[in-house]
Structure formats: C-alpha cells, structure tokens
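Here's the structure, in structure tokens; my notes come after.
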Amino acid sequence: MAFFTKKSKAEMRRRRKKMAKARGDGDDGATDNDGNVKSGLKRSADQMDYGTVDGISISSKKKAKTDNEQPTTIIIPVNLTTQEAKKFRKDARRKARAQGQSEDKLKFIIEGEEAIEEQKEAAAKEEKKKSKNKKEYPRINEILSTHASQKKQQEKIDKQNAINSAIPLAEKQKYVAIDCEMVGIGTDGVKSALARASVTNWDGEVLLDTFVRVPERVTDFRTHVSGVRSKDIHAKNEDAMEHEECRLKVGELLMGKILVGHALKNDLSALMISHPRSEIRDTARYKPFMRATGRSGGKLRPRKLRDLVYEHLGMRIQVEGEAHCSIDDAKASMELYKYARSRWEKELEKGNKGIKRGKK
C-alpha cells in the first residue's frame, strides 16, 4: 500500500487541475464542446462515462429494475478449485456491471446441479402458491380443548357461586376488600406514598374511594399505572383527604372484618396501619395462586392479579396501556377469594387445628 504526504497529494491535485484546464473541462466557468457552461462540481456516478469495452459503450447509469426481470443463470465449471470458483464469480459480476446488468439478478449454479436447482425452485414456487391460498384456521382439537376447559371453568365458578349465595348475610358482612394506588416521592420517586384508597364489600359495593393529599413533594406520579394526576391530590382539591383522615376512615371500615386484597403488605404499609394476620386473605400469598420458581421448583413467587383473575375467572382488568383502577382491583381480589373460598377456609381450619394440637 502506497502512502502520500500532504505535499505530494497537493501536487497531484495541482497537476490534475492543470490537465483538466488543458482539456477545457476542469474549471468553474469552463465550457464543453456544445458551449454549455460547466459548474466545476464533481459528477455523480450515474453521469460518469467510462468509454467502450469490446465495442460496447459503458455507462454507470443503472437500468431501472423491473419486477419481471429474469435472473441470469451462470454455470460454474465443476473442476475449479474454491479460489478459482471465487475468481470466476467475481469476473462474472464485473462483466455484468460493465454491461449495465444488476449483480442481484445473477444466479450461480455448479455444473451438474442444474436439475436439482430447478426442482428446488419448482418446490419453492409450489409451496409459496399453497401458503398464499391457504387460510389459517384453528385446529379442531384446539377448539374442542379450549371449549372443554372453558366449560369446566364455568361449571366450577357456578358451583362456587351457588355455595357463596347460601352464605348468610351476617357472614358476608364480615368481608371487605381494599386496594390502594401510590405515587413516588424522594429521589427518583422510588419511595411510595398513598395517593388513593378504595374499599369494597362482599358484593362489590364501594364503601370508600378517595384521593389522598401527599404532604411531601411528588417526584413520580406513576400516572400510566396509578391513574393519579397532579390535580387529584392537589391541596385545592376539596374531595381529596388528608392522610390521617383517610387512615382513620379505613381503620373504622376494617375493624373486626376479614380483609381481602392482593399484596396487602404494600397497601397497609402505605396506610400506616396493621391488621390481625388471622383476618387477612391475601391472594398474592395464597399458595395455589403462586408460581413455583428456582431449580427444584420449590420457591413460590406471587403472580400478578391481572393474570390470576383472567386465568380463574375469565375477567380482564389492568388492560395494557390503561391506568389501574383501585376499585376494579379491590372487586377482582374479592371475586378471586370467593372462587377459592371453600378450599381456602378449609386449609386455614386444618392449619389452626394443627397449631392448637401442637400447643397441647
């Protein structure tokens, strides 16, 4: 590889300009043979003229590509080595460029494999034709399987609803569900603060739904998830409660009740209240609703409320792209608890009996 100094490069440029002046086609304001003034700018690749090869005039201006242009098949001799075959293809491409053809339309086939290539092409065309005309329909086995699982799920829900409908009113009044929405405070909005609290009863009736004013500066409203906006918790919003007032009202509603919810630890922490463990029904901590993780599959992790509700009840909440609603989440938690109530309470009863025996 040759290297040139700045001085030698400048000298070469000067000589080229001098030669261009002598030909009359290099400077600004120079004219060509037709008397047209030239701009002195470099010509683009499609304006270059490279003379003739084998009596054929060659121009770098490419021909317009058409969809119906057929590929040119070039047979590579079978007796060539790998290096020779590479050079053969390179020469063929160079010749195609010189003739104004597109390299993309060249197709190289090793001598003796023409029949195999033709068969492959015919098979590919046939497959393409079939896939174009073929309409995708679900398989009958999949339809039947889905229908059977939905029917089984509905039967289970109906059975549980029948059991729940037989529960006395006094028993139903013992249950309340809660869900809270939080906003971020502090550096990067990592720390959570209560911004909305919702409490519903067994039948899904709203007992309390209020926004809560945040005394500290909010650094992340988390609107895309919480649905809370600045005006909702602003001091000028008369409908919003102070944290202490909300805390007292929620405490009154929870007094002597069985609390249902999802990931209740977060909600109770935001409210700064506690509740007896025996009176908590947390759908995030109920083992049949959790998923096994780890190498041996022995570690249980909580699942999202959205997934559990859809899987067991066929309900859709927390739709992608929409903000969460604490009322909907509280109702969904209660419905999920109702679905598993019989089994859940039996397991708790067995556990309590075991504890009592151990104490004796």
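Letters A, B, ... mark the chains of the structure tokens in the order given; residue numbers begin at 1 per chain; ligand numbers begin at 1, in order shown.
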Requested in this report: Considering only C-alpha atoms, return as a ChimeraX atom specification whatever protein or nucleic-acid residues lie within 12 Å of A:Pro288, sequence-local ones (same chain, fewer than 2 positions apart) excluded.
Outcome: /A:282-286,290-292,300-303,308,312,336-337,339-341,343-344,347
Report task. Pick out the residues sitting within 8 Å of A:Met182, and hand them over as a ChimeraX atom specification; count only C-alpha atoms, and ignore anything fewer than 2 positions along from it in its own chain. Result -> /A:180,184,192-196,222,226,270
Query raised in the report: DSSP on the backbone: what in stretch 233-266 of chain A comes out helix (DSSP H, G or I), as a list of chain:residue names?
Result: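 Here are the helix (DSSP H, G or I) residues of stretch 233-266 of chain A: A:His243, A:Glu244, A:Glu245, A:Cys246, A:Arg247, A:Leu248, A:Lys249, A:Val250, A:Gly251, A:Glu252, A:Leu253, A:Leu254, A:Leu264, A:Lys265, A:Asn266.
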Requested write-out: N, CA, C and O atoms of the selected residues, as an mmCIF file, in the first residue's frame:
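Dumped everything to part38.cif:
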```
data_model
loop_
_atom_site.group_PDB
_atom_site.id
_atom_site.type_symbol
_atom_site.label_atom_id
_atom_site.label_comp_id
_atom_site.auth_asym_id
_atom_site.auth_seq_id
_atom_site.Cartn_x
_atom_site.Cartn_y
_atom_site.Cartn_z
ATOM 1 N N HIS A 243 -53.966 12.470 54.767
ATOM 2 C CA HIS A 243 -53.557 11.086 55.034
ATOM 3 C C HIS A 243 -54.132 10.569 56.353
ATOM 4 O O HIS A 243 -54.631 9.430 56.434
ATOM 5 N N GLU A 244 -54.087 11.374 57.390
ATOM 6 C CA GLU A 244 -54.565 10.946 58.708
ATOM 7 C C GLU A 244 -56.063 10.670 58.691
ATOM 8 O O GLU A 244 -56.545 9.694 59.287
ATOM 9 N N GLU A 245 -56.819 11.527 57.985
ATOM 10 C CA GLU A 245 -58.273 11.336 57.883
ATOM 11 C C GLU A 245 -58.601 10.039 57.161
ATOM 12 O O GLU A 245 -59.485 9.269 57.578
ATOM 13 N N CYS A 246 -57.904 9.791 56.057
ATOM 14 C CA CYS A 246 -58.110 8.555 55.281
ATOM 15 C C CYS A 246 -57.744 7.336 56.128
ATOM 16 O O CYS A 246 -58.464 6.320 56.118
ATOM 17 N N ARG A 247 -56.680 7.431 56.828
ATOM 18 C CA ARG A 247 -56.218 6.333 57.685
ATOM 19 C C ARG A 247 -57.274 5.955 58.725
ATOM 20 O O ARG A 247 -57.559 4.766 58.952
ATOM 21 N N LEU A 248 -57.877 6.966 59.343
ATOM 22 C CA LEU A 248 -58.905 6.722 60.355
ATOM 23 C C LEU A 248 -60.165 6.095 59.750
ATOM 24 O O LEU A 248 -60.743 5.158 60.325
ATOM 25 N N LYS A 249 -60.575 6.587 58.567
ATOM 26 C CA LYS A 249 -61.797 6.059 57.921
ATOM 27 C C LYS A 249 -61.600 4.613 57.499
ATOM 28 O O LYS A 249 -62.496 3.772 57.670
ATOM 29 N N VAL A 250 -60.431 4.308 56.942
ATOM 30 C CA VAL A 250 -60.148 2.932 56.532
ATOM 31 C C VAL A 250 -60.076 2.036 57.764
ATOM 32 O O VAL A 250 -60.605 0.912 57.771
ATOM 33 N N GLY A 251 -59.457 2.524 58.821
ATOM 34 C CA GLY A 251 -59.364 1.751 60.061
ATOM 35 C C GLY A 251 -60.730 1.410 60.615
ATOM 36 O O GLY A 251 -60.961 0.280 61.087
ATOM 37 N N GLU A 252 -61.664 2.335 60.551
ATOM 38 C CA GLU A 252 -63.030 2.093 61.029
ATOM 39 C C GLU A 252 -63.720 1.011 60.200
ATOM 40 O O GLU A 252 -64.450 0.164 60.739
ATOM 41 N N LEU A 253 -63.490 1.050 58.881
ATOM 42 C CA LEU A 253 -64.125 0.063 57.998
ATOM 43 C C LEU A 253 -63.537 -1.333 58.191
ATOM 44 O O LEU A 253 -64.228 -2.343 57.989
ATOM 45 N N LEU A 254 -62.256 -1.400 58.562
ATOM 46 C CA LEU A 254 -61.587 -2.702 58.708
ATOM 47 C C LEU A 254 -61.773 -3.308 60.092
ATOM 48 O O LEU A 254 -61.460 -4.486 60.297
ATOM 49 N N LEU A 264 -51.319 -7.202 50.116
ATOM 50 C CA LEU A 264 -51.831 -6.289 51.140
ATOM 51 C C LEU A 264 -50.735 -5.628 51.968
ATOM 52 O O LEU A 264 -50.963 -4.581 52.572
ATOM 53 N N LYS A 265 -49.563 -6.224 51.984
ATOM 54 C CA LYS A 265 -48.456 -5.644 52.737
ATOM 55 C C LYS A 265 -48.166 -4.222 52.254
ATOM 56 O O LYS A 265 -47.920 -3.320 53.059
ATOM 57 N N ASN A 266 -48.216 -4.018 50.930
ATOM 58 C CA ASN A 266 -47.949 -2.689 50.358
ATOM 59 C C ASN A 266 -49.053 -1.694 50.724
ATOM 60 O O ASN A 266 -48.775 -0.538 51.058
#
```
Report task. Considering only C-alpha atoms, return as a list in words whatever protein or nucleic-acid residues lie within 12 Å of A:Gly321, sequence-local ones (same chain, fewer than 4 positions apart) excluded. Result -> Thr223, His224, Val225, Ser226, Gly227 and Ile317 of chain A
Take the selection from the previous step and output its residues with N, CA and C atoms, as an mmCIF file, in the first residue's frame.
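Writing the result to part_2.cif gives the following:
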```
data_model
loop_
_atom_site.group_PDB
_atom_site.id
_atom_site.type_symbol
_atom_site.label_atom_id
_atom_site.label_comp_id
_atom_site.auth_asym_id
_atom_site.auth_seq_id
_atom_site.Cartn_x
_atom_site.Cartn_y
_atom_site.Cartn_z
ATOM 1 N N THR A 223 -48.583 7.970 36.664
ATOM 2 C CA THR A 223 -49.945 8.086 36.114
ATOM 3 C C THR A 223 -50.293 6.930 35.189
ATOM 4 N N HIS A 224 -49.304 6.439 34.421
ATOM 5 C CA HIS A 224 -49.577 5.358 33.464
ATOM 6 C C HIS A 224 -50.013 4.078 34.163
ATOM 7 N N VAL A 225 -49.666 3.956 35.468
ATOM 8 C CA VAL A 225 -50.071 2.774 36.246
ATOM 9 C C VAL A 225 -51.142 3.137 37.269
ATOM 10 N N SER A 226 -50.881 4.180 38.047
ATOM 11 C CA SER A 226 -51.790 4.533 39.147
ATOM 12 C C SER A 226 -53.026 5.293 38.689
ATOM 13 N N GLY A 227 -52.908 6.021 37.570
ATOM 14 C CA GLY A 227 -54.017 6.848 37.108
ATOM 15 C C GLY A 227 -54.147 8.143 37.897
ATOM 16 N N ILE A 317 -58.752 -7.226 33.691
ATOM 17 C CA ILE A 317 -58.514 -5.968 34.402
ATOM 18 C C ILE A 317 -57.100 -5.505 34.069
#
```
**Report entry** Surrounding residues of A:Arg217 excluding itself and chain neighbours under 2 positions, 10 Å, only C-alpha atoms, as a ChimeraX atom specification
**Finding:** /A:184-186,189,214-215,219-220
**Report entry** Among listed residues A:Asp179, A:Arg23, A:Glu126, A:Ala148, nearest A:Leu271 (using only C-alpha atoms)
**Finding:** A:Asp179
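Atom CA of A:Trp202 to atom CA of A:Leu169 spans 9.7 Å [interatomic distance, one decimal].
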Query raised in the report: Between atom CA of A:Gln318 and atom CA of A:Gly204, what is the distance, to one decimal in Å?
Result: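 Here the two named atoms are 17.2 Å from each other.
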Report task. Just list the residues in stretch 98-307 of chain A DSSP gives strand (DSSP E) on the backbone, as number ranges by chain. Result -> A: 106-110, 175-185, 191-201, 206-211, 218-220, 258-261, 280-282, 291-293, 299-301
